[in-house]
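**Q** Handing over coords_20.csv, CSV, C-alpha atoms.
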```
chain,number,residue,atom,x,y,z
B,1,MET,CA,-99.4,146.2,219.3
B,2,ARG,CA,-97.8,145.8,215.9
B,3,ALA,CA,-100.1,144.5,213.1
B,4,SER,CA,-97.9,141.4,212.7
B,5,SER,CA,-97.9,140.4,216.4
B,6,ASP,CA,-101.6,141.2,216.4
B,7,TYR,CA,-102.0,138.5,213.6
B,8,LEU,CA,-100.0,136.0,215.6
B,9,LEU,CA,-102.0,136.5,218.8
B,10,GLY,CA,-105.2,136.3,216.7
B,11,GLY,CA,-104.0,133.1,215.2
B,12,LEU,CA,-103.3,131.7,218.7
B,13,PHE,CA,-106.8,132.7,219.9
B,14,LEU,CA,-108.2,131.1,216.7
B,15,ALA,CA,-106.4,127.9,217.4
B,16,LEU,CA,-107.7,127.9,221.0
B,17,ALA,CA,-111.2,128.6,219.8
B,18,VAL,CA,-111.1,125.4,217.7
B,19,ALA,CA,-109.1,123.2,220.2
B,20,LEU,CA,-111.0,124.1,223.4
B,21,PRO,CA,-114.4,122.7,222.3
B,22,LEU,CA,-112.7,119.4,221.4
B,23,ALA,CA,-111.1,119.2,224.9
B,24,PHE,CA,-114.4,120.1,226.6
B,25,HIS,CA,-116.4,117.5,224.7
B,26,LEU,CA,-113.8,114.9,225.4
B,27,VAL,CA,-114.3,115.1,229.2
B,28,GLY,CA,-118.1,115.5,228.9
B,29,LEU,CA,-118.3,119.2,229.7
B,30,GLY,CA,-120.0,119.9,226.3
B,31,SER,CA,-121.3,123.0,224.6
B,32,ILE,CA,-123.2,124.4,227.7
B,33,PHE,CA,-119.8,125.9,228.8
B,34,LEU,CA,-119.5,127.8,225.4
B,35,PRO,CA,-115.8,126.8,225.1
B,36,MET,CA,-115.3,128.4,221.7
B,37,PHE,CA,-116.3,131.9,223.0
B,38,PHE,CA,-113.5,132.4,225.6
B,39,PRO,CA,-110.7,133.1,223.1
B,40,VAL,CA,-113.1,134.9,220.8
B,41,ILE,CA,-114.2,137.4,223.5
B,42,LEU,CA,-110.5,137.8,224.6
B,43,ALA,CA,-109.7,138.7,221.0
B,44,GLY,CA,-112.3,141.4,221.1
B,45,TYR,CA,-110.8,142.9,224.3
B,46,LEU,CA,-107.2,142.7,223.2
B,47,LEU,CA,-106.7,142.9,219.4
B,48,ARG,CA,-107.5,145.4,216.7
B,49,LEU,CA,-111.0,145.4,215.3
B,50,ARG,CA,-110.0,143.8,211.9
B,51,THR,CA,-108.1,141.0,213.5
B,52,SER,CA,-110.5,140.3,216.3
B,53,MET,CA,-113.5,140.2,213.9
B,54,ALA,CA,-111.6,137.9,211.6
B,55,VAL,CA,-111.1,135.6,214.7
B,56,GLY,CA,-114.8,135.8,215.5
B,57,LEU,CA,-115.8,135.1,211.9
B,58,THR,CA,-113.3,132.3,211.1
B,59,ALA,CA,-113.4,130.4,214.5
B,60,PRO,CA,-116.7,128.5,213.8
B,61,LEU,CA,-115.8,128.2,210.1
B,62,LEU,CA,-112.4,126.7,210.7
B,63,SER,CA,-113.8,124.4,213.3
B,64,ALA,CA,-116.5,123.2,210.9
B,65,LEU,CA,-114.0,122.6,208.1
B,66,LEU,CA,-111.6,120.7,210.5
B,67,THR,CA,-114.0,118.7,212.7
B,68,GLY,CA,-117.5,119.0,211.2
B,69,MET,CA,-118.6,120.8,214.4
B,70,PRO,CA,-120.6,123.2,214.4
B,71,PRO,CA,-122.5,121.8,211.4
B,72,PHE,CA,-123.2,123.8,208.2
B,73,TYR,CA,-126.7,122.4,208.2
B,74,PRO,CA,-128.7,123.0,210.4
B,75,PRO,CA,-127.0,126.4,210.0
B,76,ILE,CA,-125.4,126.4,213.5
B,77,CYS,CA,-122.0,127.3,212.0
B,78,PHE,CA,-123.4,130.5,210.4
B,79,ILE,CA,-125.3,131.4,213.6
B,80,MET,CA,-122.1,131.1,215.5
B,81,MET,CA,-120.3,133.3,213.0
B,82,ALA,CA,-122.8,136.0,213.7
B,83,GLU,CA,-122.3,135.5,217.4
B,84,GLY,CA,-118.5,135.7,216.9
B,85,LEU,CA,-118.8,139.1,215.2
B,86,VAL,CA,-120.9,140.5,218.1
B,87,LEU,CA,-118.5,139.0,220.7
B,88,THR,CA,-115.5,140.8,219.1
B,89,ALA,CA,-117.0,144.0,217.8
B,90,VAL,CA,-118.9,145.0,221.0
B,91,PRO,CA,-115.9,144.6,223.5
B,92,TYR,CA,-113.7,146.5,221.0
B,93,VAL,CA,-116.1,149.4,220.8
B,94,LEU,CA,-117.0,149.6,224.5
B,95,PHE,CA,-113.7,148.6,226.1
B,96,GLN,CA,-111.0,149.6,223.7
B,97,LYS,CA,-112.6,152.7,222.1
B,98,LEU,CA,-115.1,154.1,224.7
B,99,LYS,CA,-113.0,152.9,227.7
B,100,VAL,CA,-116.1,151.4,229.4
B,101,ASN,CA,-115.4,149.2,232.5
B,102,VAL,CA,-114.5,145.6,231.7
B,103,TRP,CA,-117.4,144.1,233.7
B,104,LEU,CA,-120.0,146.4,232.2
B,105,SER,CA,-118.7,145.9,228.7
B,106,LEU,CA,-118.8,142.2,229.2
B,107,ALA,CA,-122.4,142.3,230.5
B,108,VAL,CA,-123.4,144.3,227.4
B,109,THR,CA,-121.5,142.0,225.1
B,110,MET,CA,-123.1,138.9,226.5
B,111,ALA,CA,-126.6,140.5,226.4
B,112,ALA,CA,-126.0,141.5,222.7
B,113,GLU,CA,-124.7,138.0,221.9
B,114,ARG,CA,-127.7,136.3,223.5
B,115,PHE,CA,-130.1,138.6,221.6
B,116,VAL,CA,-128.4,137.8,218.2
B,117,LEU,CA,-128.4,134.1,219.1
B,118,PHE,CA,-132.1,134.2,220.0
B,119,LEU,CA,-133.0,136.1,216.8
B,120,ALA,CA,-130.8,133.8,214.6
B,121,VAL,CA,-132.2,130.6,216.1
B,122,VAL,CA,-135.8,131.8,215.7
B,123,LEU,CA,-135.2,132.8,212.1
B,124,ALA,CA,-133.4,129.5,211.3
B,125,SER,CA,-136.2,127.5,213.0
B,126,MET,CA,-138.9,129.3,211.0
B,127,TRP,CA,-137.0,128.5,207.8
B,128,LEU,CA,-136.7,124.8,208.8
B,129,ASP,CA,-140.3,124.5,210.1
B,130,LEU,CA,-139.1,123.8,213.6
B,131,PRO,CA,-140.8,125.2,216.8
B,132,ALA,CA,-139.1,128.6,216.8
B,133,GLY,CA,-140.0,129.8,220.3
B,134,VAL,CA,-139.0,126.6,222.1
B,135,LEU,CA,-135.6,126.3,220.3
B,136,GLY,CA,-134.9,130.0,220.8
B,137,LEU,CA,-135.6,129.7,224.5
B,138,ALA,CA,-133.6,126.5,224.8
B,139,SER,CA,-130.6,128.0,223.1
B,140,LEU,CA,-130.7,131.0,225.5
B,141,LEU,CA,-130.9,128.8,228.6
B,142,GLU,CA,-128.4,126.2,227.5
B,143,GLY,CA,-125.5,128.6,227.7
B,144,ILE,CA,-126.1,129.8,231.3
B,145,PRO,CA,-123.2,127.8,232.9
B,146,GLY,CA,-120.9,129.1,230.1
B,147,ILE,CA,-121.9,132.7,230.8
B,148,ILE,CA,-121.2,132.2,234.5
B,149,LEU,CA,-117.8,130.8,233.6
B,150,ILE,CA,-117.1,133.7,231.2
B,151,PHE,CA,-117.9,136.2,234.0
B,152,LEU,CA,-115.6,134.3,236.4
B,153,THR,CA,-112.6,134.2,234.0
B,154,ILE,CA,-112.7,136.9,231.2
B,155,PRO,CA,-112.4,140.1,233.3
B,156,LEU,CA,-109.4,138.9,235.3
B,157,LEU,CA,-107.8,137.5,232.2
B,158,VAL,CA,-108.2,140.7,230.2
B,159,ILE,CA,-106.5,142.7,233.0
B,160,LYS,CA,-103.7,140.1,233.4
B,161,ILE,CA,-103.0,139.7,229.7
B,162,LYS,CA,-103.1,143.5,229.1
B,163,THR,CA,-100.5,143.9,231.8
B,164,ARG,CA,-98.3,141.1,230.3
B,165,ILE,CA,-98.5,142.6,226.9
B,166,GLY,CA,-97.7,146.1,228.4
B,167,LEU,CA,-94.6,144.7,230.0
B,168,SER,CA,-93.4,142.8,226.9
B,169,PRO,CA,-90.8,144.6,224.9
B,170,ILE,CA,-91.7,142.5,221.9
B,171,LEU,CA,-95.5,142.5,221.8
B,172,ASN,CA,-95.9,146.1,223.2
B,173,GLN,CA,-95.0,148.2,220.2
B,174,GLU,CA,-96.9,151.0,218.4
B,175,SER,CA,-99.0,149.9,215.4
B,176,ASP,CA,-97.0,150.2,212.2
B,177,SER,CA,-99.9,150.0,209.8
W,1,MET,CA,-102.1,106.9,186.5
W,2,SER,CA,-103.9,104.8,189.1
W,3,LEU,CA,-107.1,105.9,190.8
W,4,ARG,CA,-105.3,106.3,194.1
W,5,GLU,CA,-102.9,108.8,192.6
W,6,TYR,CA,-105.8,110.8,191.1
W,7,SER,CA,-107.1,111.7,194.5
W,8,VAL,CA,-104.0,113.3,195.8
W,9,LEU,CA,-103.5,115.4,192.8
W,10,LEU,CA,-107.0,117.0,192.9
W,11,ASP,CA,-106.7,120.8,193.4
W,12,PRO,CA,-108.1,122.1,196.8
W,13,ARG,CA,-110.0,124.8,194.9
W,14,THR,CA,-111.9,122.0,193.0
W,15,ARG,CA,-112.7,120.3,196.3
W,16,PHE,CA,-113.9,123.5,197.9
W,17,VAL,CA,-116.1,124.5,194.9
W,18,SER,CA,-117.5,120.9,194.7
W,19,PHE,CA,-118.5,121.2,198.4
W,20,LEU,CA,-120.2,124.5,197.8
W,21,PHE,CA,-122.0,123.1,194.8
W,22,CYS,CA,-123.2,120.1,196.8
W,23,LEU,CA,-124.3,122.4,199.7
W,24,VAL,CA,-126.5,124.5,197.5
W,25,LEU,CA,-127.9,121.5,195.6
W,26,PHE,CA,-128.8,119.6,198.8
W,27,LEU,CA,-130.5,122.7,200.3
W,28,VAL,CA,-132.7,123.2,197.3
W,29,THR,CA,-133.7,119.5,197.1
W,30,ASP,CA,-136.8,118.1,198.8
W,31,PHE,CA,-136.1,114.8,200.4
W,32,SER,CA,-139.5,114.2,202.1
W,33,GLY,CA,-142.1,111.9,200.7
W,34,GLY,CA,-140.9,110.3,197.5
W,35,GLY,CA,-137.5,112.1,197.5
W,36,LEU,CA,-135.8,109.5,199.7
W,37,TRP,CA,-134.3,107.7,196.7
W,38,LYS,CA,-132.5,111.0,195.9
W,39,PHE,CA,-130.9,110.9,199.4
W,40,ALA,CA,-129.7,107.3,198.7
W,41,ALA,CA,-128.4,108.3,195.2
W,42,PHE,CA,-126.5,111.4,196.5
W,43,PHE,CA,-125.1,109.4,199.4
W,44,LEU,CA,-123.9,106.6,197.1
W,45,MET,CA,-122.3,109.1,194.7
W,46,LEU,CA,-120.5,110.8,197.6
W,47,ALA,CA,-119.4,107.4,198.8
W,48,ALA,CA,-118.0,106.8,195.3
W,49,VAL,CA,-116.1,110.1,195.4
W,50,PHE,CA,-114.8,109.1,198.8
W,51,PHE,CA,-113.7,105.7,197.4
W,52,LEU,CA,-112.0,107.3,194.4
W,53,THR,CA,-110.3,110.2,196.1
W,54,TYR,CA,-109.0,108.7,199.4
W,55,GLU,CA,-105.9,106.8,199.9
W,56,ARG,CA,-106.4,105.6,203.5
W,57,ARG,CA,-110.0,104.7,203.3
W,58,ARG,CA,-110.4,102.6,206.4
W,59,GLY,CA,-108.9,105.2,208.8
W,60,SER,CA,-110.9,108.0,207.1
W,61,PHE,CA,-114.1,106.1,207.3
W,62,ARG,CA,-113.6,105.4,211.0
W,63,ARG,CA,-113.0,109.2,211.5
W,64,PHE,CA,-116.2,109.9,209.5
W,65,VAL,CA,-118.2,107.7,211.7
W,66,ARG,CA,-116.7,109.2,214.9
W,67,LEU,CA,-117.4,112.7,213.9
W,68,SER,CA,-120.9,112.0,212.6
W,69,LEU,CA,-122.0,110.7,216.1
W,70,TYR,CA,-122.5,114.4,217.2
W,71,LEU,CA,-124.9,114.9,214.3
W,72,PHE,CA,-127.0,112.0,215.4
W,73,SER,CA,-127.4,113.4,218.9
W,74,LEU,CA,-128.3,116.7,217.4
W,75,LEU,CA,-130.9,115.1,215.1
W,76,LEU,CA,-132.3,113.1,218.1
W,77,PHE,CA,-132.8,116.4,220.0
W,78,LEU,CA,-134.4,118.1,217.0
W,79,GLY,CA,-136.7,115.1,216.4
W,80,LEU,CA,-137.8,115.1,220.1
W,81,VAL,CA,-138.5,118.9,219.9
W,82,LEU,CA,-140.5,118.4,216.7
W,83,LEU,CA,-142.5,115.5,218.2
W,84,VAL,CA,-143.4,117.3,221.4
W,85,PHE,CA,-143.8,121.0,220.4
W,86,SER,CA,-144.5,121.2,216.7
W,87,PRO,CA,-148.1,122.4,215.8
W,88,LEU,CA,-147.9,120.5,212.5
W,89,SER,CA,-149.8,117.2,211.9
W,90,GLY,CA,-148.1,113.9,212.5
W,91,ARG,CA,-147.5,113.2,208.8
W,92,ALA,CA,-146.1,116.8,208.1
W,93,ARG,CA,-143.8,116.5,211.2
W,94,LEU,CA,-142.4,113.2,209.9
W,95,ALA,CA,-141.9,114.6,206.4
W,96,GLY,CA,-140.2,117.7,207.9
W,97,PHE,CA,-137.9,115.6,210.0
W,98,VAL,CA,-137.0,113.2,207.2
W,99,ASP,CA,-136.0,116.2,205.0
W,100,LEU,CA,-134.0,117.8,207.8
W,101,ALA,CA,-132.2,114.6,208.6
W,102,ALA,CA,-131.4,113.8,205.0
W,103,LYS,CA,-130.0,117.3,204.4
W,104,THR,CA,-127.9,117.2,207.6
W,105,ILE,CA,-126.4,113.9,206.8
W,106,LEU,CA,-125.6,114.8,203.1
W,107,VAL,CA,-124.1,118.2,203.9
W,108,PHE,CA,-121.9,116.6,206.5
W,109,ALA,CA,-120.9,113.8,204.2
W,110,ALA,CA,-120.0,116.3,201.4
W,111,ALA,CA,-118.0,118.4,203.9
W,112,TYR,CA,-116.1,115.3,205.0
W,113,VAL,CA,-115.5,113.9,201.5
W,114,PHE,CA,-114.3,117.2,200.0
W,115,ILE,CA,-112.7,119.0,202.9
W,116,ILE,CA,-112.6,117.6,206.5
W,117,GLY,CA,-111.0,114.3,205.5
W,118,HIS,CA,-108.1,116.1,203.6
W,119,ASP,CA,-105.2,118.2,204.8
W,120,PHE,CA,-106.4,121.7,205.5
W,121,GLY,CA,-103.1,123.5,204.7
W,122,PRO,CA,-103.5,123.5,200.9
W,123,LEU,CA,-107.0,124.9,201.3
W,124,ILE,CA,-105.5,128.0,203.0
W,125,LYS,CA,-103.2,128.4,199.9
W,126,ALA,CA,-106.4,128.1,197.8
W,127,PHE,CA,-108.0,131.0,199.8
W,128,TYR,CA,-104.7,132.9,199.3
W,129,LEU,CA,-104.9,132.4,195.5
W,130,TRP,CA,-108.6,133.5,195.5
W,131,ARG,CA,-107.3,136.8,197.1
W,132,TRP,CA,-109.2,136.4,200.4
W,133,PRO,CA,-108.3,139.3,202.8
W,134,GLN,CA,-104.7,139.2,204.1
W,135,VAL,CA,-105.8,139.3,207.7
W,136,ILE,CA,-107.9,136.1,207.3
W,137,ILE,CA,-105.1,134.3,205.5
W,138,ASN,CA,-102.6,135.3,208.2
W,139,ILE,CA,-104.7,134.2,211.2
W,140,LEU,CA,-106.0,131.1,209.4
W,141,THR,CA,-102.3,130.1,208.8
W,142,PHE,CA,-101.3,130.7,212.4
W,143,GLY,CA,-104.6,129.3,213.7
W,144,TYR,CA,-104.2,126.0,211.8
W,145,ARG,CA,-100.6,125.6,212.7
W,146,TYR,CA,-101.1,126.1,216.4
W,147,PHE,CA,-104.4,124.2,216.5
W,148,LEU,CA,-102.5,121.0,216.0
W,149,ILE,CA,-100.3,121.8,219.0
W,150,PHE,CA,-103.0,123.1,221.3
W,151,GLU,CA,-105.4,120.2,220.6
W,152,GLU,CA,-102.9,117.7,222.0
W,153,GLU,CA,-102.0,119.9,225.0
W,154,LEU,CA,-105.6,120.7,225.9
W,155,VAL,CA,-106.8,117.2,225.6
W,156,SER,CA,-104.1,115.9,227.9
W,157,LEU,CA,-104.7,118.8,230.3
W,158,PHE,CA,-108.4,118.0,230.5
W,159,ARG,CA,-107.8,114.3,230.7
W,160,ALA,CA,-105.5,114.8,233.6
W,161,ARG,CA,-108.1,116.9,235.3
W,162,LYS,CA,-110.7,114.2,234.8
W,163,ALA,CA,-108.4,111.5,236.1
W,164,ARG,CA,-107.7,113.3,239.3
W,165,ARG,CA,-111.4,114.0,240.1
W,166,ILE,CA,-113.0,111.5,242.4
W,167,GLY,CA,-116.8,111.4,242.5
W,168,ARG,CA,-119.1,114.2,241.5
W,169,ARG,CA,-118.3,117.8,242.7
W,170,PRO,CA,-120.7,120.7,243.3
W,171,PHE,CA,-121.5,122.8,240.2
W,172,PHE,CA,-119.6,125.9,241.4
W,173,ALA,CA,-116.5,124.0,242.4
W,174,GLU,CA,-116.5,122.5,238.9
W,175,LEU,CA,-116.8,126.0,237.4
W,176,LYS,CA,-114.0,127.3,239.5
W,177,THR,CA,-111.6,124.5,238.6
W,178,THR,CA,-112.4,124.8,234.9
W,179,GLY,CA,-112.0,128.6,235.2
W,180,SER,CA,-108.5,128.4,236.8
W,181,LEU,CA,-107.5,125.8,234.3
W,182,LEU,CA,-108.5,128.1,231.4
W,183,GLU,CA,-106.9,131.1,233.0
W,184,SER,CA,-103.5,129.4,233.4
W,185,PHE,CA,-103.6,128.1,229.8
W,186,PHE,CA,-104.5,131.5,228.3
W,187,LEU,CA,-101.7,133.2,230.2
W,188,ARG,CA,-99.2,130.5,229.1
W,189,THR,CA,-100.5,131.1,225.5
W,190,VAL,CA,-99.6,134.8,225.7
W,191,ASP,CA,-96.2,134.0,227.1
W,192,ARG,CA,-95.7,131.5,224.3
W,193,SER,CA,-96.8,134.1,221.7
W,194,GLU,CA,-94.0,136.4,222.8
W,195,LYS,CA,-91.4,133.7,222.2
W,196,ILE,CA,-92.9,132.7,218.8
W,197,TYR,CA,-93.1,136.3,217.7
W,198,ALA,CA,-89.4,136.9,218.7
W,199,ALA,CA,-88.5,133.7,216.7
W,200,LEU,CA,-90.5,134.9,213.7
W,201,ILE,CA,-88.9,138.4,213.7
W,202,SER,CA,-85.4,136.8,213.9
W,203,ARG,CA,-86.3,134.9,210.7
W,204,GLY,CA,-87.3,138.0,208.8
W,205,TYR,CA,-91.1,137.9,209.4
W,206,GLU,CA,-92.8,141.2,208.4
W,207,GLY,CA,-96.5,140.3,208.7
W,208,ARG,CA,-96.8,138.2,205.6
W,209,LEU,CA,-96.6,134.5,205.2
W,210,ASP,CA,-95.7,132.6,202.0
W,211,PHE,CA,-96.6,129.1,200.9
W,212,LEU,CA,-94.2,126.5,199.8
W,213,THR,CA,-96.8,124.2,198.3
W,214,ASP,CA,-97.7,125.0,194.7
W,215,PHE,CA,-100.5,123.7,192.6
W,216,ARG,CA,-102.3,124.5,189.4
W,217,LEU,CA,-105.8,123.7,188.0
W,218,ALA,CA,-105.4,120.9,185.5
W,219,GLY,CA,-107.7,119.2,183.1
W,220,ARG,CA,-108.6,116.5,185.6
W,221,ASP,CA,-110.1,119.2,187.9
W,222,PHE,CA,-112.4,120.4,185.2
W,223,VAL,CA,-113.4,116.8,184.2
W,224,PHE,CA,-114.0,115.9,187.8
W,225,PHE,CA,-116.2,119.0,188.5
W,226,VAL,CA,-118.2,118.7,185.3
W,227,ALA,CA,-118.8,115.0,185.9
W,228,LEU,CA,-119.9,115.7,189.5
W,229,ALA,CA,-122.2,118.6,188.5
W,230,VAL,CA,-123.8,116.6,185.6
W,231,LEU,CA,-124.5,113.5,187.7
W,232,PHE,CA,-125.8,115.4,190.8
W,233,LEU,CA,-128.0,117.7,188.7
W,234,ALA,CA,-129.4,114.7,186.9
W,235,VAL,CA,-130.5,113.2,190.2
W,236,ARG,CA,-131.9,116.5,191.4
W,237,VAL,CA,-134.1,117.1,188.3
W,238,SER,CA,-135.3,113.6,187.8
```
Please go through the file and, once you have read it, give me the structure as structure tokens.

**A**
Amino acid sequence: MRASSDYLLGGLFLALAVALPLAFHLVGLGSIFLPMFFPVILAGYLLRLRTSMAVGLTAPLLSALLTGMPPFYPPICFIMMAEGLVLTAVPYVLFQKLKVNVWLSLAVTMAAERFVLFLAVVLASMWLDLPAGVLGLASLLEGIPGIILIFLTIPLLVIKIKTRIGLSPILNQESDS
Amino acid sequence: MSLREYSVLLDPRTRFVSFLFCLVLFLVTDFSGGGLWKFAAFFLMLAAVFFLTYERRRGSFRRFVRLSLYLFSLLLFLGLVLLVFSPLSGRARLAGFVDLAAKTILVFAAAYVFIIGHDFGPLIKAFYLWRWPQVIINILTFGYRYFLIFEEELVSLFRARKARRIGRRPFFAELKTTGSLLESFFLRTVDRSEKIYAALISRGYEGRLDFLTDFRLAGRDFVFFVALAVLFLAVRVS
């Protein structure tokens, strides 16, 4: 993909990462479905490293600056920025560079993301004098429905979108930068 | 110049730096015990900034209340966790929770007064002037532009889904429906990106976006920031 179309697709994924949580919350589905992570993971699978990491990093930040969610304090926004980096860097390295199977790469990505989340929540809880173990465990378990949904949708979407981009005469061009 | 005009002319860089200043200041302030008056003073000063720098106060205040409801549910959850699981004594738990709640409310109020309640577009231009990486500026520009479109589309899509659902469905059926809804929306987004990109190329797009809005730091920005810093620091150290 050309760098400029990469930016455009990154921008669209970023817009979805901010808009999806609003739609989910509106119908009472809530954060247990991890709505922000769907476009972020897709960016990791489909875009160049720089663009996808920018999506992962800016999605929680833009959402916090537009809607106040996730909050800056307690530092949920910063924890989600760290998760966003993992969710984009790991699929890029495993799937795009090392050509690992999409299912295996997704499993490793989610495991790495859960590890970073647990670590970040424990550290933040210790800083805020909150019960670290309980909150760390709660944050891990809370996202289980979202992880199931990610495994149901992302692999198929990656294959379908890659095919569409491959067939597109406009989006499928060699990188010019 | 009236006070209402003053608000609109404030440079977005001044608003962003003011927010960062408040964020750091609130984090290093202890609100537990006798520090509660500081919370009240900071909150009143932020309210004064809101009053001085907003044109449509009633609508903005309603939005502030609506957005802050999420924070209260978060605080309620954290309060319950502290109450049940914290090894600290009752008094220390209460002090910890008061400090946490005060900081949470103040940081959100500062974010709202300086950033969330204003148009986000000029802030991207501010990041551009600060020479943030081009990749961030590009995807923020596209992201903000299409967020406004996607928000409306997704909300109506999910509302329609909710309206057609009768009774409670099994968990996996719910997941399957949500999954297929997301899948079709993502595929449509990629199709749309192709059309947008073709339109951009036809208008001479080469991977760089320019901004039509222009602004400069003026004397009022310095006066505003110095006054804010002096007043807030005075409360912090007293």

**Q** Could the residues of chain W within 7 Å of chain B, counting all atoms listed in the file, be given as a PyMOL selection string, please?

**A** chain W and resi 67+82+85-86+104+107-108+115-116+135-136+138-140+142-144+146-147+150-151+154-155+158-159+162+175+179+183+187+193-194+197-198+206-207

**Q** Which residue out of B:Pro60, B:Gly143, B:Ile32, B:Ala89 has the minimum interatomic distance to B:Leu47 when all atoms listed in the file are used?

**A**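 The shortest atom-to-atom distance to B:Leu47 comes from B:Ala89.
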
**Q** I need the residue nearest B:Val93 from this list: B:Pro155, B:Gly30, B:Gly166, B:Gly44. Use only C-alpha atoms for the distance.

**A** B:Gly44

**Q** Name the residues in contact with B:Glu83 at a cut-off of 7 Å, using all atoms listed in the file, excluding same-chain residues fewer than 3 positions from it; report them as a tab-separated table (two decimals) with C-alpha atoms, in the coordinates of the input.

**A**
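Heads up, here's the output in result_6.tsv:
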```tsv
chain	number	residue	atom	x	y	z
B	79	ILE	CA	-125.30	131.40	213.60
B	80	MET	CA	-122.10	131.10	215.50
B	86	VAL	CA	-120.90	140.50	218.10
B	87	LEU	CA	-118.50	139.00	220.70
B	113	GLU	CA	-124.70	138.00	221.90
B	116	VAL	CA	-128.40	137.80	218.20
B	117	LEU	CA	-128.40	134.10	219.10
```

**Q** To one decimal place, how far is atom CA of B:Met81 from atom CA of W:Thr177 in Å?

**A** 28.4 Å

**Q** Please identify all polymer residues within 9 Å of W:Pro12, counting all atoms listed in the file, omitting same-chain residues fewer than 3 positions from it, and present them as a list in words.

**A**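 After dropping sequence-adjacent residues, the list is Arg15, Phe16, Val17, Phe114, Ile115, Phe120, Pro122, Leu123, Ile124, Lys125, Ala126 and Phe215 of chain W.
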
**Q** Separation of atom CA of W:Leu157 and atom CA of W:Val190, in Å?

**A**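 These two atoms are separated by 17.4 Å.
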
**Q** Quick one: distance from atom CA of B:Leu34 to atom CA of B:Ile147 in Å, one decimal?

**A**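 Here the two named atoms are 7.7 Å from each other.
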